[in-house]
Amino acid sequence: MAPTDRVAVITGGARGIGGAAALALAAEGVQVVIGDVLAAEGEATAAAIRQAGGGAAFVRCDVSGETDCQALMAAAIEDYGRLDVLICSAGILRGAFMPVEEMDEALFSGVMDVNVKGAFLCVKHAVPWMRQVGGGVILLLASGAGVRGPSSSVAYGASKGAVHGMAMTLERSLAPLGIRVNDVCPGGIDTAMRREVALESARLAGQPPEEALAAAGFGDPAGLARLLAFLASPEADYVRGTVFAR
């Protein structure tokens with residue numbers, strides 16, 4: 001991998017889509033800073049990138065807290081001197097198949113804090129650094145749920161609809177700074193979160209869990225990571241708006 005001068009921060013980068021994106025960008029020579037609450041897995045992903053000859057650092061980050069988000073961006077500057085790409089992949093799903101009248105405020109707020117407020121806070125603290133280098137790329141992970149169709153969770157669907165709206169608004173407001181914004185709406189990708197939902201659906205339906213997972217037809221996170229790596233690159237400069245993926 002030939003090193004470049006580009007630096008990317010990836011939230012939720014310890015595993016799943018974010019972890020696959022970290023590996024994909026690092027394979028293209030991008031210096032990667034992984035932010036996640038999963039310290040052991042985040043450190044392992046960063047170590048795997050370094051072992052392969054890439055540049056990577058891990059910073060424990062709870063995106064629902066502004067101090068952590070600010071520190072994550074500052075770590076990228078301290079380690080690599082610049083920030084060019086932000087991928088907001090951190091997300092949670094709670095309350096799957098829960099009737100709205102049974103969902104308490106704390107659960108709903110917790111999902112919104114990570115999925116929506118977390119993306120907002122990371123963008124807020126990334127933009128000043130991108131401004132210094134004359135531009136950048138921000139990729140927000142939304143979902144087909146809440147954008148094209150419903151979700152198993154009222155809270156999750158609402159949060160991803162909000163991320164979609166945030167991306168559309170940021171796209172216009174940040175374009176004059178040379179910052180391109182896209183939101184990516186994956187379908188069924190094989191992540192721990194998606195597996196939990198599939199297994200809960202099977203339990204409620206009385207279906208064997210192995211059959212449910214086999215029937216789900218989940219896509220490989222590495223496939224979506226290739227798309228994210230492309231969108232993060234200068235070659236995607238003409239791509240605008242929302243990108244729907246498998």
# chains A, B, ... in the order shown; residues from 1 in each chain; ligands from 1
call {"tool": "residues_around", "arguments": {"residues": "Leu72 (chain A)", "least_positions_apart": "3", "cutoff": "7 Å", "atoms": "only C-alpha atoms", "output": "JSON, numbers by chain"}}
result
{"A": [35, 59, 61, 68, 69, 75, 76]}
call {"tool": "residues_around", "arguments": {"residues": "Pro150 (chain A)", "least_positions_apart": "4", "cutoff": "12 Å", "atoms": "only C-alpha atoms", "output": "list in words"}}
result
Ala96, Phe97, Ser143, Gly144, Ala145, Gly146, Val154, Ala155, Tyr156, Gly157, Ala158, Ser159, Lys160, Gly161 and Gly187 of chain A
call {"tool": "write_last_selection", "arguments": {"atoms": "N, CA and C atoms", "output": "mmCIF file, in the first residue's frame"}}
result
data_model
loop_
_atom_site.group_PDB
_atom_site.id
_atom_site.type_symbol
_atom_site.label_atom_id
_atom_site.label_comp_id
_atom_site.auth_asym_id
_atom_site.auth_seq_id
_atom_site.Cartn_x
_atom_site.Cartn_y
_atom_site.Cartn_z
ATOM 1 N N ALA A 96 -36.055 -3.280 19.047
ATOM 2 C CA ALA A 96 -36.569 -3.993 17.874
ATOM 3 C C ALA A 96 -37.883 -4.696 18.203
ATOM 4 N N PHE A 97 -38.875 -4.493 17.356
ATOM 5 C CA PHE A 97 -40.198 -5.118 17.460
ATOM 6 C C PHE A 97 -40.960 -4.709 18.724
ATOM 7 N N SER A 143 -29.517 4.593 6.534
ATOM 8 C CA SER A 143 -30.025 3.238 6.337
ATOM 9 C C SER A 143 -31.201 3.297 5.384
ATOM 10 N N GLY A 144 -31.482 2.171 4.753
ATOM 11 C CA GLY A 144 -32.737 2.104 4.019
ATOM 12 C C GLY A 144 -33.908 2.271 4.972
ATOM 13 N N ALA A 145 -33.742 1.781 6.214
ATOM 14 C CA ALA A 145 -34.751 1.964 7.252
ATOM 15 C C ALA A 145 -34.797 3.425 7.661
ATOM 16 N N GLY A 146 -35.989 3.991 7.638
ATOM 17 C CA GLY A 146 -36.139 5.400 7.975
ATOM 18 C C GLY A 146 -35.970 6.326 6.791
ATOM 19 N N VAL A 154 -38.825 1.737 16.178
ATOM 20 C CA VAL A 154 -39.256 3.125 15.983
ATOM 21 C C VAL A 154 -38.088 4.078 16.212
ATOM 22 N N ALA A 155 -37.301 3.811 17.251
ATOM 23 C CA ALA A 155 -36.181 4.696 17.582
ATOM 24 C C ALA A 155 -35.128 4.670 16.483
ATOM 25 N N TYR A 156 -34.781 3.490 16.012
ATOM 26 C CA TYR A 156 -33.752 3.369 14.979
ATOM 27 C C TYR A 156 -34.214 4.012 13.674
ATOM 28 N N GLY A 157 -35.450 3.720 13.261
ATOM 29 C CA GLY A 157 -35.963 4.321 12.027
ATOM 30 C C GLY A 157 -35.977 5.825 12.096
ATOM 31 N N ALA A 158 -36.390 6.366 13.247
ATOM 32 C CA ALA A 158 -36.404 7.822 13.417
ATOM 33 C C ALA A 158 -34.989 8.389 13.346
ATOM 34 N N SER A 159 -34.038 7.694 13.955
ATOM 35 C CA SER A 159 -32.660 8.202 13.976
ATOM 36 C C SER A 159 -32.046 8.218 12.587
ATOM 37 N N LYS A 160 -32.298 7.186 11.805
ATOM 38 C CA LYS A 160 -31.682 7.131 10.483
ATOM 39 C C LYS A 160 -32.346 8.103 9.512
ATOM 40 N N GLY A 161 -33.648 8.335 9.696
ATOM 41 C CA GLY A 161 -34.290 9.397 8.927
ATOM 42 C C GLY A 161 -33.682 10.745 9.250
ATOM 43 N N GLY A 187 -28.360 -1.741 2.939
ATOM 44 C CA GLY A 187 -29.476 -2.653 3.169
ATOM 45 C C GLY A 187 -29.089 -3.654 4.242
#
call {"tool": "closest_atom_pairs", "arguments": {"of": "region 119-177 of chain A", "to": "region 4-10 of chain A", "cutoff": "12 Å", "atoms": "only C-alpha atoms", "output": "JSON lines"}}
result
{"residue": "A:Ala119", "atom": "CA", "partner": "A:Ile10", "partner_atom": "CA", "distance": 11.0}
{"residue": "A:Cys122", "atom": "CA", "partner": "A:Val9", "partner_atom": "CA", "distance": 9.4}
{"residue": "A:Val123", "atom": "CA", "partner": "A:Val9", "partner_atom": "CA", "distance": 10.7}
{"residue": "A:His125", "atom": "CA", "partner": "A:Val9", "partner_atom": "CA", "distance": 11.4}
{"residue": "A:Ala126", "atom": "CA", "partner": "A:Val9", "partner_atom": "CA", "distance": 8.9}
{"residue": "A:Trp129", "atom": "CA", "partner": "A:Val7", "partner_atom": "CA", "distance": 11.1}
{"residue": "A:Met130", "atom": "CA", "partner": "A:Val7", "partner_atom": "CA", "distance": 10.4}
{"residue": "A:Val133", "atom": "CA", "partner": "A:Arg6", "partner_atom": "CA", "distance": 10.4}
{"residue": "A:Gly135", "atom": "CA", "partner": "A:Arg6", "partner_atom": "CA", "distance": 11.5}
{"residue": "A:Gly136", "atom": "CA", "partner": "A:Arg6", "partner_atom": "CA", "distance": 9.5}
{"residue": "A:Val137", "atom": "CA", "partner": "A:Ala8", "partner_atom": "CA", "distance": 9.1}
{"residue": "A:Ile138", "atom": "CA", "partner": "A:Ala8", "partner_atom": "CA", "distance": 9.6}
{"residue": "A:Leu139", "atom": "CA", "partner": "A:Ile10", "partner_atom": "CA", "distance": 9.5}
{"residue": "A:Leu140", "atom": "CA", "partner": "A:Ile10", "partner_atom": "CA", "distance": 10.2}
{"residue": "A:Leu141", "atom": "CA", "partner": "A:Ile10", "partner_atom": "CA", "distance": 10.9}
call {"tool": "atom_distance", "arguments": {"atom1": "CA of Ile34 (chain A)", "atom2": "CA of Ala175 (chain A)"}}
result
25.3 Å
call {"tool": "residues_around", "arguments": {"residues": "Ala57 (chain A)", "least_positions_apart": "5", "cutoff": "12 Å", "atoms": "only C-alpha atoms", "output": "PyMOL selection string"}}
result
chain A and resi 7-10+13-14+22+26+30-36+39+42-50+72-73+75-80
call {"tool": "select_by_dssp", "arguments": {"residues": "region 77-163 of chain A", "states": "alpha helix (DSSP H)", "output": "short mmCIF file (atom, residue, chain, number, x, y, z; two decimals) with C-alpha atoms, in the first residue's frame"}}
result
data_model
loop_
_atom_site.label_atom_id
_atom_site.label_comp_id
_atom_site.auth_asym_id
_atom_site.auth_seq_id
_atom_site.Cartn_x
_atom_site.Cartn_y
_atom_site.Cartn_z
CA ILE A 77 -4.29 16.14 14.16
CA GLU A 78 -1.81 15.19 16.86
CA ASP A 79 -0.91 11.88 15.21
CA TYR A 80 -1.04 12.80 11.52
CA GLU A 105 -38.00 7.76 26.73
CA ALA A 106 -34.57 6.62 27.88
CA LEU A 107 -34.36 3.96 25.17
CA PHE A 108 -35.48 6.35 22.44
CA SER A 109 -33.11 9.08 23.62
CA GLY A 110 -30.20 6.66 23.86
CA VAL A 111 -30.54 5.66 20.22
CA MET A 112 -30.89 9.26 19.10
CA GLY A 118 -23.07 11.51 17.67
CA ALA A 119 -22.91 12.26 13.96
CA PHE A 120 -23.63 15.94 14.60
CA LEU A 121 -20.90 16.26 17.22
CA CYS A 122 -18.30 14.54 15.07
CA VAL A 123 -19.10 16.75 12.09
CA LYS A 124 -19.04 19.83 14.30
CA HIS A 125 -15.51 19.11 15.48
CA ALA A 126 -14.19 17.78 12.16
CA VAL A 127 -15.21 20.74 10.00
CA PRO A 128 -12.74 23.29 11.45
CA TRP A 129 -9.83 20.96 10.70
CA MET A 130 -11.09 20.22 7.19
CA ARG A 131 -11.43 23.95 6.61
CA GLN A 132 -7.72 24.30 7.38
CA VAL A 154 -39.26 3.13 15.98
CA ALA A 155 -36.18 4.70 17.58
CA TYR A 156 -33.75 3.37 14.98
CA GLY A 157 -35.96 4.32 12.03
CA ALA A 158 -36.40 7.82 13.42
CA SER A 159 -32.66 8.20 13.98
CA LYS A 160 -31.68 7.13 10.48
CA GLY A 161 -34.29 9.40 8.93
CA ALA A 162 -32.72 12.21 10.92
CA VAL A 163 -29.21 11.31 9.72
#
call {"tool": "closest_residue", "arguments": {"among": "A:Gly217, A:Asn182, A:Arg94, A:His164", "to": "Ala236 (chain A)", "atoms": "only C-alpha atoms"}}
result
A:Asn182
call {"tool": "closest_residue", "arguments": {"among": "A:Gly54, A:Ala167, A:Glu210, A:Glu41", "to": "Arg15 (chain A)", "atoms": "only C-alpha atoms"}}
result
A:Glu41
call {"tool": "atom_distance", "arguments": {"atom1": "CA of Arg148 (chain A)", "atom2": "CA of Ile189 (chain A)"}}
result
16.1 Å
